[in-house]
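K.L.:
Take a look at the following structure, please.
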Amino acid sequence: HMAAEMGISNLSDLAMGGYHMAYGAKVGQDSRMAISFAQTPIGFYAGNPAFGAASGNSPTANYTMGFSSKLRDDLTAGVSFSMLDETSGLLGSSYSSNSAMGLGGNRTGQFGVSLAYAFDDHNSLLFEAGEAVTKAAEGTGLLAGTTTLRSRSYGVTYMARQLVNAEDRLAVSLKQPLRVASGQVGVVTPSIDADTGVARYGVEMVSLVPSGRELDFKMNYSTPINKVQSLSFQLGARKDVFNISGNNDFAAGATWTAAF
């Protein structure tokens with residue numbers, strides 16, 4: 001459950017929906033190491049077998065390696081490194097390889113740290129933060145390219161067990177997904193020389209730092225009803241969704257599960 005909540009310090013959210021592989025192993029009495037791979041879905045032309053010619057426009061792959069160690073009975077720390085390869089995309093925004101807005105392929109590396117503190121056997125507080133660096137890119141159309149981009153993410157989660165009964169669980173989190181903190185894109189700007197009438201092209205550098213800052217609040221409570229049934233409630237609110245100022249939303253739901 002802790003691992004499920006502490007997932008913002010990598011780039012895997014931008015390479016989901018297709019293939020996934022993960023492996024973890026103990027490397028000491030109180031330490032653990034894990035690796036994972038995720039890739040967006042790839043389409044295939046009709047008539048071709050699996051793993052044949054891809055029809056997907058912008059396949060994206062993520063590679064992550066992480067290490068965690070128990071420093072004390074109540075304190076666990078971890079570090080992770082992720083690499084995101086985008087064939088025709090930039091931090092989740094995809095485009096055609098021949099598009100006038102294209103910036104070619106891009107590679108982003110991210111370093112993340114995490115810390116988990118257990119107040120007791122039933123209550124824990126989780127912290128996580130990450131910083132990503134995207135290499136400068138070159139464009140061939142309306143965008144001349146980008147400078148090196150730096151993006152950041154962070155989050156905190158409170159987890160509790162056995163609030164009402166022996167098997168119920170509560171998780172409350174506040175997270176900022178990956179957000180560009182610095183970097184610019186060059187926009188090609190045409191103009192006409194007032195004296196000669198000859199067309200000229202210049203490049204105007206524009207900041208890629210968004211106007212908003214997305215913050216995601218989530219609360220989930222789950223409890224068994226009996227031996228074969230369980231119930232869970234979810235609340236979620238997002239401020240500045242996709243880092244667009246003033247773009248907010250809210251969601252609530254309940255899930256009933258029965259085994260037979």
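Ordered as shown in the structure tokens, chains take letters A, B, and onward, while each chain numbers its residues from 1 and ligands are numbered from 1 in the order shown.
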Asn243 of chain A: which residues within 7 Å, counting only C-alpha atoms, same-chain residues fewer than 5 positions away excluded, as number ranges by chain?
P.N.:
A: 210-214
K.L.:
For Thr60 of chain A, list every protein, DNA or RNA residue within 6 Å, evaluated using only C-alpha atoms, and leave out those in the same chain fewer than 6 positions away; present the list as a ChimeraX atom specification.
P.N.:
/A:15,39-40,85-86
K.L.:
Just list the residues in segment 152-186 of chain A DSSP gives strand (DSSP E or B) on the backbone, as a VMD selection string.
P.N.:
chain A and resid 152 to 161 169 to 182 184 to 186
K.L.:
So what do you get for atom CA of Leu208 of chain A versus atom CA of Phe127 of chain A, distance-wise?
P.N.:
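Between these atoms lies a distance of 27.0 Å.
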K.L.:
List every residue of segment 18-106 of chain A that has an atom at most 12 Å from any atom of segment 174-186 of chain A, giving for each one its closest atom pair and the distance in Å to one decimal, counting only C-alpha atoms, sorted by chain and then by ascending residue number, as a tab-separated table.
P.N.:
```
residue	atom	partner	partner_atom	distance
A:Leu90	CA	A:Val180	CA	11.3
A:Leu91	CA	A:Leu178	CA	8.9
A:Gly92	CA	A:Leu178	CA	10.3
A:Met101	CA	A:Gly186	CA	11.1
A:Gly102	CA	A:Val185	CA	11.7
A:Leu103	CA	A:Val185	CA	9.9
```
K.L.:
What gap, in Å, lies between atom CA of Tyr154 of chain A and atom CA of Ser68 of chain A?
P.N.:
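These atoms are spaced 17.6 Å apart.
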K.L.:
Would you list the contacts of Pro224 of chain A as an MDAnalysis selection string, taking every protein, DNA or RNA residue within 7 Å and counting only C-alpha atoms, but skipping same-chain residues closer than 2 positions in sequence?
P.N.:
chainID A and resid 167:168 226 229:231
K.L.:
Choose the residue, out of A:Leu149, A:Leu125, A:Ala252, A:Ala237, that has the smallest atom-to-atom separation from Arg107 of chain A; count only C-alpha atoms.
P.N.:
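For Arg107 of chain A, the nearest of the candidates is A:Leu149.
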K.L.:
Go through A:Ile244, A:Leu143, A:Leu84, A:Ile192 one by one, measure the shortest atom-to-atom distance of each to Leu215 of chain A using only C-alpha atoms, and give the residue with the smallest value.
P.N.:
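Ranking A:Ile244, A:Leu143, A:Leu84, A:Ile192 by distance to Leu215 of chain A, first place goes to A:Ile244.
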K.L.:
Of the candidates A:Phe111, A:Arg161, A:Thr148, A:Asn98, which shows the shortest atom-to-atom distance to Ser124 of chain A, using only C-alpha atoms?
P.N.:
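With only C-alpha atoms as the atom set, the closest residue is A:Arg161.
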K.L.:
Atom CA of Arg150 of chain A and atom CA of Gly109 of chain A, how far apart in Å?
P.N.:
9.8 Å
K.L.:
Name the closest residue to Leu163 of chain A among the candidates A:Thr223, A:Lys135, A:Thr140, A:Ile35; distances are taken between atoms, counting only C-alpha atoms.
P.N.:
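Among the listed residues, the smallest separation from Leu163 of chain A belongs to A:Thr223.
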K.L.:
Quick one: which segment 74-176 of chain A residues come within 10 Å of segment 197-204 of chain A, and what is the nearest atom pair for each with the distance in Å to one decimal, counting only C-alpha atoms, rows ordered by chain and ascending number, as a tab-separated table?
P.N.:
```
residue	atom	partner	partner_atom	distance
A:Leu142	CA	A:Val203	CA	9.5
A:Leu143	CA	A:Val203	CA	8.6
A:Ala144	CA	A:Val203	CA	7.1
A:Gly145	CA	A:Val203	CA	9.7
```
K.L.:
Keeping N, CA and C atoms for every residue in the selection just given, could you write it to a file as a PDB file, in the first residue's frame?
P.N.:
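Listed below is the output, out-v7.pdb:
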```pdb
ATOM      1  N   LEU A 142       7.308  25.233 -37.138  1.00  0.00           N
ATOM      2  CA  LEU A 142       6.992  26.506 -36.499  1.00  0.00           C
ATOM      3  C   LEU A 142       7.715  26.675 -35.166  1.00  0.00           C
ATOM      4  N   LEU A 143       8.168  25.559 -34.602  1.00  0.00           N
ATOM      5  CA  LEU A 143       8.929  25.603 -33.358  1.00  0.00           C
ATOM      6  C   LEU A 143      10.398  25.357 -33.671  1.00  0.00           C
ATOM      7  N   ALA A 144      11.241  26.283 -33.260  1.00  0.00           N
ATOM      8  CA  ALA A 144      12.665  26.166 -33.578  1.00  0.00           C
ATOM      9  C   ALA A 144      13.371  25.190 -32.646  1.00  0.00           C
ATOM     10  N   GLY A 145      12.775  24.907 -31.500  1.00  0.00           N
ATOM     11  CA  GLY A 145      13.395  23.990 -30.549  1.00  0.00           C
ATOM     12  C   GLY A 145      13.159  24.454 -29.128  1.00  0.00           C
TER      13      GLY A 145
END
```
K.L.:
Write out as a ChimeraX atom specification the residues lying within 8 Å of Met65 of chain A, counting only C-alpha atoms and excluding same-chain residues fewer than 2 positions away.
P.N.:
/A:33-36,63,67,80-82
K.L.:
For the selection just defined, write its residues with N, CA and C atoms to a file, as a PDB file, in the first residue's frame.
P.N.:
```
ATOM      1  N   MET A  33      15.644  -3.528  -3.781  1.00  0.00           N
ATOM      2  CA  MET A  33      15.892  -2.884  -5.068  1.00  0.00           C
ATOM      3  C   MET A  33      14.855  -3.369  -6.073  1.00  0.00           C
ATOM      4  N   ALA A  34      14.435  -2.485  -6.971  1.00  0.00           N
ATOM      5  CA  ALA A  34      13.435  -2.856  -7.961  1.00  0.00           C
ATOM      6  C   ALA A  34      13.697  -2.138  -9.274  1.00  0.00           C
ATOM      7  N   ILE A  35      13.276  -2.769 -10.364  1.00  0.00           N
ATOM      8  CA  ILE A  35      13.339  -2.170 -11.692  1.00  0.00           C
ATOM      9  C   ILE A  35      11.978  -2.335 -12.354  1.00  0.00           C
ATOM     10  N   SER A  36      11.641  -1.428 -13.252  1.00  0.00           N
ATOM     11  CA  SER A  36      10.365  -1.544 -13.951  1.00  0.00           C
ATOM     12  C   SER A  36      10.493  -0.964 -15.358  1.00  0.00           C
ATOM     13  N   TYR A  63      11.786   3.673 -18.165  1.00  0.00           N
ATOM     14  CA  TYR A  63      12.612   2.729 -17.430  1.00  0.00           C
ATOM     15  C   TYR A  63      12.883   3.322 -16.046  1.00  0.00           C
ATOM     16  N   PHE A  67      15.682   2.098  -5.140  1.00  0.00           N
ATOM     17  CA  PHE A  67      16.322   1.439  -3.993  1.00  0.00           C
ATOM     18  C   PHE A  67      15.738   2.030  -2.721  1.00  0.00           C
ATOM     19  N   SER A  80      15.182   6.890  -6.445  1.00  0.00           N
ATOM     20  CA  SER A  80      14.824   6.278  -7.723  1.00  0.00           C
ATOM     21  C   SER A  80      15.381   7.104  -8.866  1.00  0.00           C
ATOM     22  N   PHE A  81      15.592   6.433  -9.991  1.00  0.00           N
ATOM     23  CA  PHE A  81      16.004   7.116 -11.218  1.00  0.00           C
ATOM     24  C   PHE A  81      15.158   6.599 -12.356  1.00  0.00           C
ATOM     25  N   SER A  82      14.578   7.514 -13.135  1.00  0.00           N
ATOM     26  CA  SER A  82      13.719   7.157 -14.256  1.00  0.00           C
ATOM     27  C   SER A  82      14.240   7.773 -15.538  1.00  0.00           C
TER      28      SER A  82
END
```
K.L.:
Measuring between only C-alpha atoms, which one of A:Gln162, A:Ala136, A:Pro41, A:Ser31 shows the shortest distance to Gly17 of chain A?
P.N.:
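Between A:Gln162, A:Ala136, A:Pro41, A:Ser31, the residue approaching Gly17 of chain A most closely is A:Pro41.
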K.L.:
Which one is closest to Lys227 of chain A: A:Ser151, A:Thr76, A:Asn248, A:Thr257? Count only C-alpha atoms.
P.N.:
A:Thr257
